[in-house]
>>> print(open('work_31.tsv').read())   # TSV, C-alpha atoms
chain	number	residue	atom	x	y	z
A	23	MET	CA	24.59	12.44	-6.90
A	24	ASN	CA	25.84	14.03	-3.66
A	25	ASN	CA	22.82	16.33	-3.79
A	26	ALA	CA	20.37	13.42	-3.64
A	27	GLY	CA	17.65	14.20	-1.13
A	28	ALA	CA	18.61	17.87	-0.88
A	29	ILE	CA	15.13	19.07	-1.88
A	30	PHE	CA	13.55	16.60	0.54
A	31	ARG	CA	15.69	17.82	3.45
A	32	ARG	CA	15.21	21.47	2.57
A	33	THR	CA	11.43	21.04	2.33
A	34	LEU	CA	11.26	19.44	5.78
A	35	TYR	CA	13.47	22.21	7.16
A	36	ASP	CA	11.34	24.95	5.60
A	37	HIS	CA	8.18	23.38	7.06
A	38	ARG	CA	9.63	22.55	10.48
A	39	ARG	CA	7.53	25.14	12.31
A	40	SER	CA	4.27	24.18	10.62
A	41	ILE	CA	4.98	20.49	11.31
A	42	LEU	CA	5.62	21.34	14.96
A	43	TRP	CA	2.43	23.36	15.37
A	44	TRP	CA	0.27	20.91	13.47
A	45	SER	CA	1.67	18.07	15.58
A	46	ILE	CA	0.85	19.97	18.77
A	47	GLY	CA	-2.60	21.01	17.50
A	48	ILE	CA	-3.76	17.58	16.31
A	49	GLY	CA	-2.09	15.98	19.35
A	50	VAL	CA	-4.02	18.23	21.73
A	51	LEU	CA	-7.21	17.44	19.84
A	52	ALA	CA	-6.56	13.69	20.12
A	53	PHE	CA	-5.76	13.99	23.82
A	54	TYR	CA	-8.82	16.12	24.58
A	55	VAL	CA	-11.28	13.96	22.65
A	56	THR	CA	-9.98	10.86	24.42
A	57	ILE	CA	-9.86	12.28	27.92
A	58	VAL	CA	-13.49	13.51	27.82
A	59	PHE	CA	-14.87	10.08	26.90
A	60	PRO	CA	-15.94	9.13	30.48
A	61	MET	CA	-18.25	12.16	30.63
A	62	ILE	CA	-19.88	11.27	27.31
A	63	ALA	CA	-20.21	7.55	28.06
A	64	GLN	CA	-22.70	8.30	30.87
A	65	PHE	CA	-25.31	9.45	28.36
A	66	GLU	CA	-26.56	6.44	26.44
A	67	GLN	CA	-29.19	8.62	24.74
A	68	PHE	CA	-26.42	9.80	22.42
A	69	ASN	CA	-26.99	6.61	20.45
A	70	GLU	CA	-30.59	7.73	19.86
A	71	LEU	CA	-29.39	11.15	18.70
A	72	LEU	CA	-27.15	9.51	16.12
A	73	GLU	CA	-30.24	8.08	14.44
A	74	SER	CA	-31.58	11.58	13.71
A	75	PRO	CA	-31.33	13.03	10.17
A	76	VAL	CA	-28.97	15.77	11.36
A	77	PHE	CA	-26.38	13.33	12.67
A	78	SER	CA	-26.86	11.08	9.65
A	79	ALA	CA	-26.06	14.04	7.42
A	80	LEU	CA	-22.86	14.72	9.37
A	81	PHE	CA	-21.61	11.17	9.83
A	82	GLY	CA	-23.50	8.97	7.39
A	83	ASP	CA	-24.82	5.52	8.24
A	84	LEU	CA	-23.12	4.26	11.39
A	85	GLY	CA	-24.86	0.89	11.38
A	86	GLU	CA	-24.84	-0.76	14.80
A	87	LEU	CA	-21.93	1.28	16.08
A	88	ASP	CA	-22.20	2.17	19.77
A	89	TYR	CA	-21.31	5.83	20.23
A	90	THR	CA	-20.80	5.36	23.97
A	91	SER	CA	-18.17	2.65	23.48
A	92	PRO	CA	-14.53	3.83	23.47
A	93	GLU	CA	-13.97	2.62	19.91
A	94	GLY	CA	-17.20	4.13	18.62
A	95	PHE	CA	-16.64	7.44	20.35
A	96	LEU	CA	-13.05	7.87	19.13
A	97	GLY	CA	-13.98	6.65	15.66
A	98	ILE	CA	-16.66	9.31	15.35
A	99	GLU	CA	-15.19	12.21	17.32
A	100	PHE	CA	-11.57	11.98	16.18
A	101	PHE	CA	-10.99	9.72	13.21
A	102	THR	CA	-13.97	11.04	11.26
A	103	TRP	CA	-12.76	14.62	11.54
A	104	ALA	CA	-8.98	14.12	11.46
A	105	PRO	CA	-8.68	14.00	7.63
A	106	LEU	CA	-10.92	17.06	7.24
A	107	VAL	CA	-8.78	19.04	9.70
A	108	LEU	CA	-5.56	17.80	8.10
A	109	ALA	CA	-6.97	18.70	4.68
A	110	VAL	CA	-5.98	22.31	5.41
A	111	PHE	CA	-2.35	21.26	5.93
A	112	ALA	CA	-2.48	18.93	2.91
A	113	VAL	CA	-3.95	21.46	0.47
A	114	ILE	CA	-1.62	24.28	1.53
A	115	PHE	CA	1.38	21.96	1.27
A	116	GLY	CA	0.28	20.59	-2.10
A	117	LEU	CA	-0.30	24.03	-3.58
A	118	GLY	CA	3.11	25.16	-2.35
A	119	ILE	CA	5.16	22.37	-3.90
A	120	VAL	CA	5.21	24.18	-7.25
A	121	GLY	CA	3.27	27.38	-6.61
A	122	ALA	CA	5.34	28.75	-3.72
A	123	GLU	CA	8.62	28.44	-5.64
A	124	GLU	CA	6.99	29.91	-8.75
A	125	ASP	CA	5.50	32.88	-6.85
A	126	ARG	CA	8.88	33.65	-5.29
A	127	GLY	CA	10.59	33.44	-8.67
A	128	THR	CA	12.95	30.73	-7.42
A	129	LEU	CA	11.59	27.82	-9.43
A	130	ASP	CA	13.42	28.78	-12.62
A	131	LEU	CA	16.60	29.20	-10.58
A	132	LEU	CA	16.13	25.75	-9.06
A	133	LEU	CA	15.55	24.21	-12.47
A	134	SER	CA	18.66	25.89	-13.88
A	135	THR	CA	20.64	23.35	-11.83
A	136	PRO	CA	21.04	19.73	-13.05
A	137	ILE	CA	17.98	18.74	-10.97
A	138	PRO	CA	15.22	17.22	-13.16
A	139	ARG	CA	11.68	18.48	-12.71
A	140	TRP	CA	10.34	15.17	-11.46
A	141	ARG	CA	12.67	15.27	-8.45
A	142	ILE	CA	11.10	18.50	-7.21
A	143	ILE	CA	7.65	16.88	-7.19
A	144	VAL	CA	8.77	13.52	-5.81
A	145	GLU	CA	11.10	14.74	-3.06
A	146	LYS	CA	8.68	17.38	-1.82
A	147	SER	CA	5.85	14.81	-1.84
A	148	VAL	CA	7.97	12.39	0.19
A	149	ALA	CA	8.70	15.26	2.60
A	150	PHE	CA	4.94	15.76	2.97
A	151	LEU	CA	4.47	12.06	3.71
A	152	VAL	CA	7.16	12.20	6.42
A	153	ALA	CA	5.59	15.35	7.89
A	154	LEU	CA	2.17	13.65	7.94
A	155	VAL	CA	3.61	10.57	9.66
A	156	ILE	CA	5.22	12.80	12.30
A	157	ILE	CA	1.92	14.61	12.96
A	158	LEU	CA	-0.04	11.35	13.21
A	159	ALA	CA	2.64	9.73	15.40
A	160	VAL	CA	2.47	12.62	17.87
A	161	SER	CA	-1.34	12.43	17.79
A	162	GLY	CA	-1.22	8.68	18.41
A	163	LEU	CA	1.11	9.12	21.37
A	164	ALA	CA	-1.17	11.82	22.78
A	165	MET	CA	-4.18	9.52	22.44
A	166	VAL	CA	-2.31	6.63	24.06
A	167	ALA	CA	-1.30	8.91	26.96
A	168	ALA	CA	-4.94	9.90	27.45
A	169	VAL	CA	-6.03	6.24	27.35
A	170	LEU	CA	-3.46	5.33	30.01
A	171	MET	CA	-4.73	8.18	32.20
A	172	THR	CA	-8.37	7.12	31.84
A	173	PRO	CA	-9.45	3.93	33.68
A	174	GLU	CA	-12.67	3.75	31.65
A	175	LEU	CA	-10.53	3.19	28.54
A	176	ALA	CA	-8.45	0.36	29.99
A	177	GLY	CA	-9.93	-2.17	27.58
A	178	ILE	CA	-8.99	-0.38	24.37
A	179	ASP	CA	-6.29	-1.99	22.24
A	180	LEU	CA	-3.39	0.48	22.08
A	181	GLY	CA	-2.04	-1.19	18.96
A	182	MET	CA	-5.30	-0.43	17.16
A	183	ILE	CA	-4.75	3.27	17.79
A	184	ALA	CA	-1.56	3.05	15.73
A	185	VAL	CA	-3.46	1.11	13.05
A	186	ALA	CA	-6.20	3.77	12.97
A	187	MET	CA	-3.59	6.53	12.58
A	188	VAL	CA	-2.03	4.67	9.66
A	189	ASN	CA	-5.50	4.38	8.12
A	190	VAL	CA	-5.64	8.18	7.86
A	191	ILE	CA	-2.55	8.41	5.64
A	192	PRO	CA	-3.94	7.50	2.17
A	193	THR	CA	-6.91	9.87	2.49
A	194	VAL	CA	-4.78	12.89	3.45
A	195	LEU	CA	-2.11	11.97	0.90
A	196	LEU	CA	-4.84	11.91	-1.76
A	197	MET	CA	-5.93	15.41	-0.71
A	198	MET	CA	-2.38	16.72	-1.02
A	199	THR	CA	-1.73	15.18	-4.44
A	200	LEU	CA	-5.11	16.44	-5.68
A	201	ALA	CA	-4.11	20.01	-4.74
A	202	LEU	CA	-0.65	19.45	-6.23
A	203	TRP	CA	-2.08	18.25	-9.54
A	204	LEU	CA	-4.50	21.17	-9.76
A	205	SER	CA	-1.63	23.58	-9.08
A	206	THR	CA	0.26	22.18	-12.08
A	207	VAL	CA	-2.79	22.58	-14.34
A	208	LEU	CA	-4.01	26.01	-13.18
A	209	ARG	CA	-1.95	29.18	-12.95
A	210	SER	CA	-3.82	30.56	-9.96
A	211	ARG	CA	-3.03	28.93	-6.61
A	212	GLY	CA	-6.22	30.43	-5.21
A	213	GLN	CA	-8.31	28.82	-7.92
A	214	ALA	CA	-6.55	25.47	-7.51
A	215	GLY	CA	-7.00	25.61	-3.74
A	216	GLY	CA	-10.67	26.53	-4.03
A	217	ILE	CA	-11.38	23.65	-6.39
A	218	ALA	CA	-9.45	21.19	-4.20
A	219	ALA	CA	-11.31	22.36	-1.09
A	220	GLY	CA	-14.64	22.13	-2.92
A	221	ILE	CA	-13.94	18.56	-4.03
A	222	ILE	CA	-12.91	17.51	-0.52
A	223	VAL	CA	-15.98	19.03	1.17
A	224	ALA	CA	-18.31	17.73	-1.54
A	225	SER	CA	-16.84	14.25	-1.22
A	226	TYR	CA	-17.54	14.22	2.51
A	227	PHE	CA	-21.14	15.42	2.29
A	228	ILE	CA	-22.03	13.32	-0.75
A	229	ASN	CA	-20.94	10.25	1.17
A	230	SER	CA	-22.88	11.29	4.29
A	231	PHE	CA	-26.12	12.21	2.50
A	232	ALA	CA	-25.96	9.19	0.20
A	233	ASP	CA	-26.05	6.88	3.23
A	234	MET	CA	-29.54	8.22	3.97
A	235	ALA	CA	-30.77	7.53	0.42
A	236	GLU	CA	-31.81	4.08	-0.71
A	237	SER	CA	-31.14	4.80	-4.39
A	238	GLY	CA	-30.84	7.60	-6.90
A	239	LEU	CA	-28.20	10.07	-8.03
A	240	LEU	CA	-26.57	10.44	-4.61
A	241	LYS	CA	-26.00	6.69	-4.37
A	242	THR	CA	-24.32	6.76	-7.77
A	243	LEU	CA	-22.19	9.77	-6.87
A	244	GLN	CA	-21.16	8.13	-3.62
A	245	ASN	CA	-19.04	5.68	-5.58
A	246	PHE	CA	-16.90	8.65	-6.65
A	247	SER	CA	-16.56	10.02	-3.12
A	248	PHE	CA	-13.18	9.11	-1.72
A	249	TYR	CA	-14.62	9.45	1.78
A	250	LYS	CA	-16.74	6.35	1.14
A	251	TYR	CA	-13.54	4.31	1.14
A	252	TYR	CA	-11.97	5.91	4.22
A	253	ALA	CA	-14.30	4.07	6.66
A	254	PRO	CA	-13.11	5.48	10.02
A	255	PHE	CA	-15.91	4.33	12.31
A	256	ARG	CA	-14.92	0.73	13.02
A	257	VAL	CA	-11.19	0.87	12.39
A	258	LEU	CA	-10.43	0.59	16.12
A	259	LEU	CA	-12.45	-2.64	16.23
A	260	ASP	CA	-11.89	-4.24	12.84
A	261	GLY	CA	-8.60	-2.74	11.69
A	262	VAL	CA	-7.77	-1.41	8.25
A	263	GLN	CA	-9.94	-2.36	5.29
A	264	TRP	CA	-6.98	-3.04	3.04
A	265	GLY	CA	-8.92	-2.97	-0.21
A	266	ASN	CA	-10.12	0.57	0.51
A	267	PHE	CA	-6.71	1.56	1.87
A	268	LEU	CA	-4.93	0.47	-1.31
A	269	LEU	CA	-7.58	2.05	-3.54
A	270	LEU	CA	-7.15	5.46	-1.88
A	271	LEU	CA	-3.38	5.08	-2.06
A	272	ALA	CA	-3.60	4.23	-5.77
A	273	ILE	CA	-5.78	7.28	-6.47
A	274	GLY	CA	-3.35	9.51	-4.58
A	275	LEU	CA	-0.43	8.10	-6.60
A	276	ALA	CA	-2.44	8.62	-9.79
A	277	PHE	CA	-2.84	12.31	-8.93
A	278	LEU	CA	0.90	12.43	-8.26
A	279	GLY	CA	1.53	10.90	-11.68
A	280	LEU	CA	-0.74	13.49	-13.31
A	281	ALA	CA	1.11	16.26	-11.48
A	282	LEU	CA	4.42	14.92	-12.80
A	283	TYR	CA	3.03	14.76	-16.33
A	284	PHE	CA	1.65	18.30	-16.37
A	285	PHE	CA	4.62	19.81	-14.55
A	286	GLN	CA	7.03	18.32	-17.13
A	287	ARG	CA	5.11	20.12	-19.88
A	288	ARG	CA	4.33	23.34	-18.09
A	289	ASP	CA	5.73	26.74	-19.10
A	290	LEU	CA	6.89	28.32	-15.86
A	291	ALA	CA	5.91	31.80	-14.73
A	292	VAL	CA	8.99	33.86	-13.94
>>> encode(input="work_31.tsv", output="structure tokens")
Amino acid sequence: MNNAGAIFRRTLYDHRRSILWWSIGIGVLAFYVTIVFPMIAQFEQFNELLESPVFSALFGDLGELDYTSPEGFLGIEFFTWAPLVLAVFAVIFGLGIVGAEEDRGTLDLLLSTPIPRWRIIVEKSVAFLVALVIILAVSGLAMVAAVLMTPELAGIDLGMIAVAMVNVIPTVLLMMTLALWLSTVLRSRGQAGGIAAGIIVASYFINSFADMAESGLLKTLQNFSFYKYYAPFRVLLDGVQWGNFLLLLAIGLAFLGLALYFFQRRDLAV
């Protein structure tokens, strides 16, 4: 068992540059969004704009959330969009867990060793989780630095920023395992990626549009939108909604289980 964790370490090493650039990119985004808050807070009419149908379609029902408060602003302008931005990283990573090795013709070589198939899926998935934590940790530190540099944000709870970053994890993990599962079912990585992207985008907009409807098909479909359970708007005030957090985590693990099942039974392309 001296090779335990070898796939995990190799995966992190192979993705070191993408992890670095994604950490910098999301970190810069977090810093920028936070540092511009004082300019936005001067315009209280933004709260009126959020009541318009256009903003409702983008963000859904915000309830009594104050856009010009630090928590409301960061909840809308960063934590709403963070999973959608990270979806690109998640889907590419998920598709590559099996597909990249298969396209290069190295998967059969890897499986010719005493390494069982399930270890490839599990160790690479754990590597993704570590990469995601690194990206979110850098983003959290960037946001904290911006808060400390901005007197208008002095009242924000720095610990809640860490909590809000943790709240992102199950949603992005679900996106990755969805793409991974589809890549074990479908031969074409392009097709699997397109379907995964379509599901992610549809989930976001179904949730947003359903908040404007009192009843009907959209309200029913909203229950199947994973974005309904992400709930980013008030996380800086109220913390993690643990029921939703655990539900998203369970769905992500279910997709991982499906990926393991289909990969065990899959005939590999060589």
>>> closest_atom_pairs(input="work_31.tsv", of="segment 123-217 of chain A", to="segment 241-263 of chain A", cutoff="12 Å", atoms="only C-alpha atoms", output="tab-separated table")
residue	atom	partner	partner_atom	distance
A:Gly177	CA	A:Leu259	CA	11.6
A:Ile178	CA	A:Leu258	CA	8.4
A:Asp179	CA	A:Leu258	CA	7.8
A:Leu180	CA	A:Leu258	CA	9.2
A:Gly181	CA	A:Leu258	CA	9.0
A:Met182	CA	A:Leu258	CA	5.3
A:Ile183	CA	A:Leu258	CA	6.5
A:Ala184	CA	A:Leu258	CA	9.2
A:Val185	CA	A:Gly261	CA	6.6
A:Ala186	CA	A:Val257	CA	5.8
A:Met187	CA	A:Val257	CA	9.5
A:Val188	CA	A:Val262	CA	8.5
A:Asn189	CA	A:Val262	CA	6.2
A:Val190	CA	A:Tyr252	CA	7.6
A:Ile191	CA	A:Tyr252	CA	9.8
A:Pro192	CA	A:Tyr252	CA	8.4
A:Thr193	CA	A:Tyr252	CA	6.7
A:Val194	CA	A:Tyr252	CA	10.1
A:Leu195	CA	A:Phe248	CA	11.7
A:Leu196	CA	A:Phe248	CA	8.8
A:Met197	CA	A:Phe248	CA	9.7
A:Leu200	CA	A:Phe248	CA	11.6
>>> residues_near_point(input="work_31.tsv", point="(-13.0, 14.1, 21.3)", cutoff="9 Å", atoms="all atoms listed in the file", output="JSON list (two decimals) with C-alpha atoms, in the frame of the given file")
[["chain", "number", "residue", "atom", "x", "y", "z"],
["A", 51, "LEU", "CA", -7.21, 17.44, 19.84],
["A", 52, "ALA", "CA", -6.56, 13.69, 20.12],
["A", 53, "PHE", "CA", -5.76, 13.99, 23.82],
["A", 54, "TYR", "CA", -8.82, 16.12, 24.58],
["A", 55, "VAL", "CA", -11.28, 13.96, 22.65],
["A", 56, "THR", "CA", -9.98, 10.86, 24.42],
["A", 57, "ILE", "CA", -9.86, 12.28, 27.92],
["A", 58, "VAL", "CA", -13.49, 13.51, 27.82],
["A", 59, "PHE", "CA", -14.87, 10.08, 26.90],
["A", 95, "PHE", "CA", -16.64, 7.44, 20.35],
["A", 96, "LEU", "CA", -13.05, 7.87, 19.13],
["A", 98, "ILE", "CA", -16.66, 9.31, 15.35],
["A", 99, "GLU", "CA", -15.19, 12.21, 17.32],
["A", 100, "PHE", "CA", -11.57, 11.98, 16.18]]
>>> residues_around(input="work_31.tsv", residues="segment 32-41 of chain A", least_positions_apart="4", cutoff="10 Å", atoms="all atoms listed in the file", output="list in words")
Gly27, Ala28, Ser45, Ile46, Gly47, Phe111, Phe115, Ile119, Ile142, Glu145, Lys146, Ser147, Val148, Ala149, Phe150, Val152, Ala153, Leu154, Ile156 and Ile157 of chain A
>>> closest_residue(input="work_31.tsv", among="A:Gly265, A:Met61, A:Thr102, A:Leu280", to="Ser230 of chain A", atoms="all atoms listed in the file")
A:Thr102
>>> residues_around(input="work_31.tsv", residues="Ala218 of chain A", least_positions_apart="3", cutoff="8 Å", atoms="only C-alpha atoms", output="ChimeraX atom specification")
/A:113,197,200-201,204,214-215,221-222
>>> write_last_selection(input="work_31.tsv", atoms="C-alpha atoms", output="short mmCIF file (atom, residue, chain, number, x, y, z; two decimals), in the frame of the given file")
data_model
loop_
_atom_site.label_atom_id
_atom_site.label_comp_id
_atom_site.auth_asym_id
_atom_site.auth_seq_id
_atom_site.Cartn_x
_atom_site.Cartn_y
_atom_site.Cartn_z
CA VAL A 113 -3.95 21.46 0.47
CA MET A 197 -5.93 15.41 -0.71
CA LEU A 200 -5.11 16.44 -5.68
CA ALA A 201 -4.11 20.01 -4.74
CA LEU A 204 -4.50 21.17 -9.76
CA ALA A 214 -6.55 25.47 -7.51
CA GLY A 215 -7.00 25.61 -3.74
CA ILE A 221 -13.94 18.56 -4.03
CA ILE A 222 -12.91 17.51 -0.52
#
>>> residues_around(input="work_31.tsv", residues="Ile228 of chain A", least_positions_apart="3", cutoff="7 Å", atoms="all atoms listed in the file", output="ChimeraX atom specification")
/A:224-225,231-232,240,244,247
>>> closest_residue(input="work_31.tsv", among="A:Val155, A:Met165, A:Ile48, A:Ile137", to="Leu108 of chain A", atoms="only C-alpha atoms")
A:Ile48
>>> closest_residue(input="work_31.tsv", among="A:Tyr89, A:Trp44, A:Tyr226, A:Trp140", to="Ala112 of chain A", atoms="all atoms listed in the file")
A:Trp44
>>> residues_around(input="work_31.tsv", residues="Ser205 of chain A", least_positions_apart="6", cutoff="12 Å", atoms="all atoms listed in the file", output="PyMOL selection string")
chain A and resi 113-125+143+198-199+211-218+277-278+280-282+284-285+288+290
>>> atom_distance(input="work_31.tsv", atom1="atom CA of Leu270 of chain A", atom2="atom CA of Leu106 of chain A")
15.2 Å
>>> atom_distance(input="work_31.tsv", atom1="atom CA of Val110 of chain A", atom2="atom CA of Ile62 of chain A")
28.2 Å
>>> atom_distance(input="work_31.tsv", atom1="atom CA of Ala104 of chain A", atom2="atom CA of Thr206 of chain A")
26.5 Å
>>> closest_residue(input="work_31.tsv", among="A:Pro92, A:Gly238, A:Asn229, A:Trp43", to="Thr172 of chain A", atoms="only C-alpha atoms")
A:Pro92
>>> closest_residue(input="work_31.tsv", among="A:Met171, A:Leu275, A:Val160, A:Leu202", to="Val50 of chain A", atoms="only C-alpha atoms")
A:Val160
